[in-house]
Every structure is written in structure tokens, then in C-alpha cells.
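Step one of this worksheet: look at the structure below.
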Amino acid sequence: AATIYGLLVPFLLGYPVAVGLKAGYGLRRLVWAGPMGLALLIIALRSLQYLAPLEKTVWWLSLAFLLCACYGWLRPSVRGCLKRDLTSLGPGGGVALLCCGLGLSIALSLPILLHHAIIFDGTENHDSIYYVISAQWAQHHRSSEALQFSPAAPLYYALTRLLGPAGPELLLAHASLLLGKEPVYFYNGLLNAGMIWASLAGILIVPADSYRRFRRRACMGWLLPLFFLMPAMWFIALNSNYGNVFGMVVFGAYLAAALEWRTASLHRSAISVLMLGAIAATYPTLIPFAGLCVVMALLLQFLLPGRPHRSVMKSILRIGAETAVSVVLFAGFFLSAWATIASERRISSNQVIIWPYDAYAGLDPLR
């Protein structure tokens, strides 16, 4: 149920936006729906959770999501685009996409299915504890309220003080409230959905010309599995980096929009602004890496022959303007991101161990 929530809700919200912002065609537009829907979901959840606990706003917020989705899907142009995009996949592409998604979900859920576990950590990192507890806290508290230590729930205080509930935890809390069970039961299901969207986001970074060449050569049947088998993404998932998985979805989408030189337009700029704000709301420590990737890409474009320097300067000004607009629109997220990055840097430089104990000590590893 959590995997279906993590795939279907972002798609229903994001696809009409992808059509409206002219975000490619075919498989690329279908993939764009995921990052856009997740960005809208997470930005809305973080904004409202600042004002009230999620348990008090979940049904109003869900009704708003439903109305927005209905408004988008009632437009004939959106339904027509979906039909064309699905048809463009062809039998091979559709089967490959379905098999890759199912295969990834089954592989990541295998320990749970075989050993009747509630939650699965692939390493001793046990970051799942942070995310589940932050999701529980967000259901009953505002992010703006002062933290008070309680001996009855010391982990709430410790973990929220150190990390604070970010976008992926709020997504977990929202799914938990909607489906009526504790967040721990939906952690791995949402992780699977995030992995599917993050793997597909790699397609967006493939230049449009190369993507068209692949389609002409009917290569999608073997190209798709390569994106689902990226070692870095599997390490992130098995290491319980739940927040990072969803961060990689909007991170990849931002790079795809910001570095698409040939189709620069107001639509692309709007996507860049939205995705950069979503990075700040989802996994803020990815912001420096996004900046580094953009700077390196601009430097390569400047140094390599065949691209006029004037065109590169226009790209620099465009990305700078997009960044400024995003910072202004999502100022609260960026202020929180700055505090998070500064805290992470201080912890790293002081070599402080946040969690020095093994949370699973004394338990059967398979359970």
C-alpha cells in the first residue's frame, strides 16, 4: 500500500503539471511527473506542518491534493498526452518498465517477505530509526514549536533536535495517517517507491538528442535496467538513507532542468525554481552538490570548443536568476537548510558520533 501511495499520488499530482510546463514527451514526460508531484507534496506538507501538526490537517490537505489532481486530469489535453506517452513506450518499453519496477520492489522487500519482518535495514547504519521517529513526532507536533524534553519519549527530543523532520519524513507521516497504521509499517514500502522514482530520474539527465537516438534504435528495453541497477542508489537504499533516496529524485530533476541548454525557456526555468526549492525541503545537504555539479558543467561548457562564450554567460545569468527566485519563494526552507548544513559541517569537523549505540544489539539479525 505504501509503495502504491508513493508511486500513484505523486504521478497523479505531477503529470498535469509536467504537461503544462512542456516537460518533454513519451517516457521522459511520464518520469517528470514523479519529481514534480513529490516536489508539490513535500513543499505543501512542510509548509503546513510549520503551522499545525499533520494529524490536524491531513484530511484537509488530502482533499486539496484530490481537488488539484481532479482539476488537472479533467483537461482533455492531459488525458490525450497520457495516451500518446503510453503508446510511445511500445510493448518492449512498457514491459521493461513494469519488470524493473516490480523487480526492484521485490528485491528490496525480500527480507521482509521471507522473515516476516516489520522493517528492513541492509546495514548496521539503522537510519530507519531516525526517519520513523521523526515521522511520528511530525504527526503530533508543529515544526515551529519549541522542543521540550520528556522522559517518556526521549528519542523524540534527541532526534528532532539533531535533525528536524524534513520532507521525506512528512511524506511517511502523511501516508501513515491516511492508511491508519504506525509509520514503521510503511517505511520500506515508501523507500521502494522512492528508489523507483530516483532510478527513473536518471533518464531525465540523458540529453534529449541522445534520448531520441536511443528510442530510434529500440534500445529502451535494455537501457532501462541500467538505471535500476545503479550501484550508488542501491547502496543508499540498503544503508537506510531514506531521505537521501527522495532527495536524489528532485536532485536529478533539478540538474536535468538547469543544465538543459538547448531548450532553455520560461517553462524550464519554472521547473528549476520548483526543484531547487524541493531539494531544500527534502534533503538540504544535497544543495552544495547541486551547486558543484552546475559549476562544473558550466566550466566544461566554457572550456570545450564549439560553444560560444556569450551563450555560456547567458546560461550563468539564467541559473543565477533561477536560484535567486527559488531562494526568495522558499526562503523558510533555505534558512532551515542553511542551519542543517552548518550543523552537519560542525558535527563532521568535530567528529561527533550522533548515535554511538547499536539499536539492534541482542536481537536476531533476521528479525
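Letters for chains follow the order of the C-alpha cells (A, B, ...), residue numbers begin at 1 for each chain, and ligand numbers begin at 1 in the order shown.
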Select from region 41-98 of chain A every residue with an atom at most 12 Å from any atom of region 323-338 of chain A, then for each give the shortest pair of atoms and their distance in Å to one decimal, using only C-alpha atoms, rows by chain and rising number, as CSV.
residue,atom,partner,partner_atom,distance
A:Ile42,CA,A:Phe333,CA,11.1
A:Ile43,CA,A:Phe333,CA,8.9
A:Ala44,CA,A:Phe330,CA,11.3
A:Leu45,CA,A:Phe333,CA,12.0
A:Arg46,CA,A:Phe333,CA,8.6
A:Ser47,CA,A:Gly332,CA,8.8
A:Tyr50,CA,A:Gly332,CA,9.9
For N, CA, C and O atoms, I'd like the residues from the last selection saved as an mmCIF file, in the first residue's frame.
data_model
loop_
_atom_site.group_PDB
_atom_site.id
_atom_site.type_symbol
_atom_site.label_atom_id
_atom_site.label_comp_id
_atom_site.auth_asym_id
_atom_site.auth_seq_id
_atom_site.Cartn_x
_atom_site.Cartn_y
_atom_site.Cartn_z
ATOM 1 N N ILE A 42 5.798 17.525 -0.977
ATOM 2 C CA ILE A 42 6.709 17.799 0.130
ATOM 3 C C ILE A 42 6.676 19.278 0.506
ATOM 4 O O ILE A 42 6.684 19.628 1.694
ATOM 5 N N ILE A 43 6.629 20.161 -0.483
ATOM 6 C CA ILE A 43 6.559 21.596 -0.189
ATOM 7 C C ILE A 43 5.276 21.927 0.565
ATOM 8 O O ILE A 43 5.285 22.688 1.548
ATOM 9 N N ALA A 44 4.147 21.337 0.139
ATOM 10 C CA ALA A 44 2.882 21.580 0.831
ATOM 11 C C ALA A 44 2.911 21.028 2.253
ATOM 12 O O ALA A 44 2.468 21.685 3.217
ATOM 13 N N LEU A 45 3.428 19.814 2.434
ATOM 14 C CA LEU A 45 3.481 19.192 3.757
ATOM 15 C C LEU A 45 4.368 19.983 4.709
ATOM 16 O O LEU A 45 3.992 20.225 5.864
ATOM 17 N N ARG A 46 5.517 20.413 4.235
ATOM 18 C CA ARG A 46 6.424 21.171 5.112
ATOM 19 C C ARG A 46 5.850 22.529 5.462
ATOM 20 O O ARG A 46 6.017 23.022 6.583
ATOM 21 N N SER A 47 5.180 23.160 4.505
ATOM 22 C CA SER A 47 4.605 24.486 4.770
ATOM 23 C C SER A 47 3.504 24.395 5.826
ATOM 24 O O SER A 47 3.454 25.208 6.761
ATOM 25 N N TYR A 50 4.488 23.490 9.524
ATOM 26 C CA TYR A 50 5.017 24.614 10.301
ATOM 27 C C TYR A 50 3.903 25.277 11.110
ATOM 28 O O TYR A 50 4.151 25.835 12.178
#
Using only C-alpha atoms, which residue out of A:Leu177, A:Val9, A:Ala270, A:Leu298 lies closest to Ala23 (chain A)?
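Nearest candidate to Ala23 (chain A) out of A:Leu177, A:Val9, A:Ala270, A:Leu298: A:Ala270.
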Taking only C-alpha atoms into account, name the residue in A:Thr282, A:Ser240, A:Gln139, A:Ser176 that is nearest to Leu54 (chain A).
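Between A:Thr282, A:Ser240, A:Gln139, A:Ser176, the residue approaching Leu54 (chain A) most closely is A:Gln139.
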Could you give me, as an MDAnalysis selection string, the residues within 8 Å of region 68-70 of chain A, counting only C-alpha atoms and dropping anything in the same chain fewer than 2 positions from it?
chainID A and resid 12:13 16 64:66 72:74
For Leu41 (chain A), the nearest of the candidates A:Leu89, A:Ala278, A:Val184, A:Ala117, counting only C-alpha atoms
A:Ala278
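Of the listed residues A:Ile279, A:Val294, A:Ile112, A:Cys99, the one whose atoms come nearest to Pro225 (chain A) is A:Cys99, with distances taken using only C-alpha atoms.
Between CA of Gly34 (chain A) and CA of Gly277 (chain A) the separation is 15.6 Å.
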Nearest candidate to Gly92 (chain A) (options A:Ala201, A:Phe251, A:Leu317, A:Leu224; using only C-alpha atoms):
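The closest residue to Gly92 (chain A) is A:Leu224.
With only C-alpha atoms as the atoms that count, the minimum distance from Leu191 (chain A) to the choices A:Leu274, A:Ala280, A:Ala2, A:Cys81 is reached by A:Ala2.
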Identify, on the basis of only C-alpha atoms, every residue whose closest approach to Pro53 (chain A) does not exceed 9 Å; exclude the query and any residue fewer than 6 positions from it along the same chain; express the result as a list in words.
Trp137, Ala138, Gln139, His140, His141, Arg142 and Ser143 of chain A
Could you take the residues named above and write them with all heavy atoms, as a PDB file, in the first residue's frame?
ATOM      1  N   TRP A 137       6.830  12.026  15.369  1.00  0.00           N
ATOM      2  CA  TRP A 137       6.824  13.336  16.025  1.00  0.00           C
ATOM      3  C   TRP A 137       6.041  14.356  15.200  1.00  0.00           C
ATOM      4  O   TRP A 137       5.249  15.135  15.742  1.00  0.00           O
ATOM      5  CB  TRP A 137       8.266  13.806  16.230  1.00  0.00           C
ATOM      6  CG  TRP A 137       8.382  15.065  17.047  1.00  0.00           C
ATOM      7  CD1 TRP A 137       8.517  15.152  18.399  1.00  0.00           C
ATOM      8  CD2 TRP A 137       8.383  16.406  16.559  1.00  0.00           C
ATOM      9  NE1 TRP A 137       8.600  16.465  18.789  1.00  0.00           N
ATOM     10  CE2 TRP A 137       8.526  17.261  17.676  1.00  0.00           C
ATOM     11  CE3 TRP A 137       8.291  16.980  15.290  1.00  0.00           C
ATOM     12  CZ2 TRP A 137       8.563  18.651  17.562  1.00  0.00           C
ATOM     13  CZ3 TRP A 137       8.328  18.363  15.168  1.00  0.00           C
ATOM     14  CH2 TRP A 137       8.458  19.186  16.290  1.00  0.00           C
ATOM     15  N   ALA A 138       6.239  14.326  13.867  1.00  0.00           N
ATOM     16  CA  ALA A 138       5.586  15.306  12.995  1.00  0.00           C
ATOM     17  C   ALA A 138       4.069  15.137  12.974  1.00  0.00           C
ATOM     18  O   ALA A 138       3.345  16.090  12.687  1.00  0.00           O
ATOM     19  CB  ALA A 138       6.136  15.189  11.579  1.00  0.00           C
ATOM     20  N   GLN A 139       3.576  13.950  13.266  1.00  0.00           N
ATOM     21  CA  GLN A 139       2.136  13.740  13.275  1.00  0.00           C
ATOM     22  C   GLN A 139       1.452  14.516  14.396  1.00  0.00           C
ATOM     23  O   GLN A 139       0.285  14.895  14.270  1.00  0.00           O
ATOM     24  CB  GLN A 139       1.829  12.253  13.432  1.00  0.00           C
ATOM     25  CG  GLN A 139       2.182  11.423  12.208  1.00  0.00           C
ATOM     26  CD  GLN A 139       1.887   9.944  12.428  1.00  0.00           C
ATOM     27  OE1 GLN A 139       1.702   9.501  13.556  1.00  0.00           O
ATOM     28  NE2 GLN A 139       1.839   9.191  11.342  1.00  0.00           N
ATOM     29  N   HIS A 140       2.164  14.764  15.486  1.00  0.00           N
ATOM     30  CA  HIS A 140       1.540  15.345  16.676  1.00  0.00           C
ATOM     31  C   HIS A 140       2.119  16.704  17.065  1.00  0.00           C
ATOM     32  O   HIS A 140       1.686  17.271  18.073  1.00  0.00           O
ATOM     33  CB  HIS A 140       1.700  14.389  17.867  1.00  0.00           C
ATOM     34  CG  HIS A 140       1.334  12.980  17.553  1.00  0.00           C
ATOM     35  ND1 HIS A 140       0.042  12.596  17.248  1.00  0.00           N
ATOM     36  CD2 HIS A 140       2.086  11.846  17.462  1.00  0.00           C
ATOM     37  CE1 HIS A 140       0.012  11.302  16.999  1.00  0.00           C
ATOM     38  NE2 HIS A 140       1.229  10.818  17.125  1.00  0.00           N
ATOM     39  N   HIS A 141       3.080  17.226  16.296  1.00  0.00           N
ATOM     40  CA  HIS A 141       3.737  18.482  16.673  1.00  0.00           C
ATOM     41  C   HIS A 141       3.946  19.355  15.450  1.00  0.00           C
ATOM     42  O   HIS A 141       4.054  18.863  14.322  1.00  0.00           O
ATOM     43  CB  HIS A 141       5.096  18.198  17.329  1.00  0.00           C
ATOM     44  CG  HIS A 141       5.015  17.379  18.577  1.00  0.00           C
ATOM     45  ND1 HIS A 141       4.844  17.923  19.828  1.00  0.00           N
ATOM     46  CD2 HIS A 141       5.063  16.030  18.762  1.00  0.00           C
ATOM     47  CE1 HIS A 141       4.807  16.956  20.730  1.00  0.00           C
ATOM     48  NE2 HIS A 141       4.937  15.793  20.114  1.00  0.00           N
ATOM     49  N   ARG A 142       4.045  20.668  15.695  1.00  0.00           N
ATOM     50  CA  ARG A 142       4.441  21.628  14.655  1.00  0.00           C
ATOM     51  C   ARG A 142       5.955  21.701  14.603  1.00  0.00           C
ATOM     52  O   ARG A 142       6.624  21.577  15.631  1.00  0.00           O
ATOM     53  CB  ARG A 142       3.909  23.035  14.945  1.00  0.00           C
ATOM     54  CG  ARG A 142       2.425  23.132  15.099  1.00  0.00           C
ATOM     55  CD  ARG A 142       1.990  24.606  15.164  1.00  0.00           C
ATOM     56  NE  ARG A 142       2.888  25.414  15.973  1.00  0.00           N
ATOM     57  CZ  ARG A 142       2.772  25.599  17.279  1.00  0.00           C
ATOM     58  NH1 ARG A 142       1.799  25.005  17.943  1.00  0.00           N
ATOM     59  NH2 ARG A 142       3.609  26.374  17.927  1.00  0.00           N
ATOM     60  N   SER A 143       6.481  21.945  13.414  1.00  0.00           N
ATOM     61  CA  SER A 143       7.934  22.104  13.309  1.00  0.00           C
ATOM     62  C   SER A 143       8.391  23.404  13.940  1.00  0.00           C
ATOM     63  O   SER A 143       9.572  23.562  14.260  1.00  0.00           O
ATOM     64  CB  SER A 143       8.360  22.064  11.843  1.00  0.00           C
ATOM     65  OG  SER A 143       7.757  23.114  11.111  1.00  0.00           O
TER      66      SER A 143
END
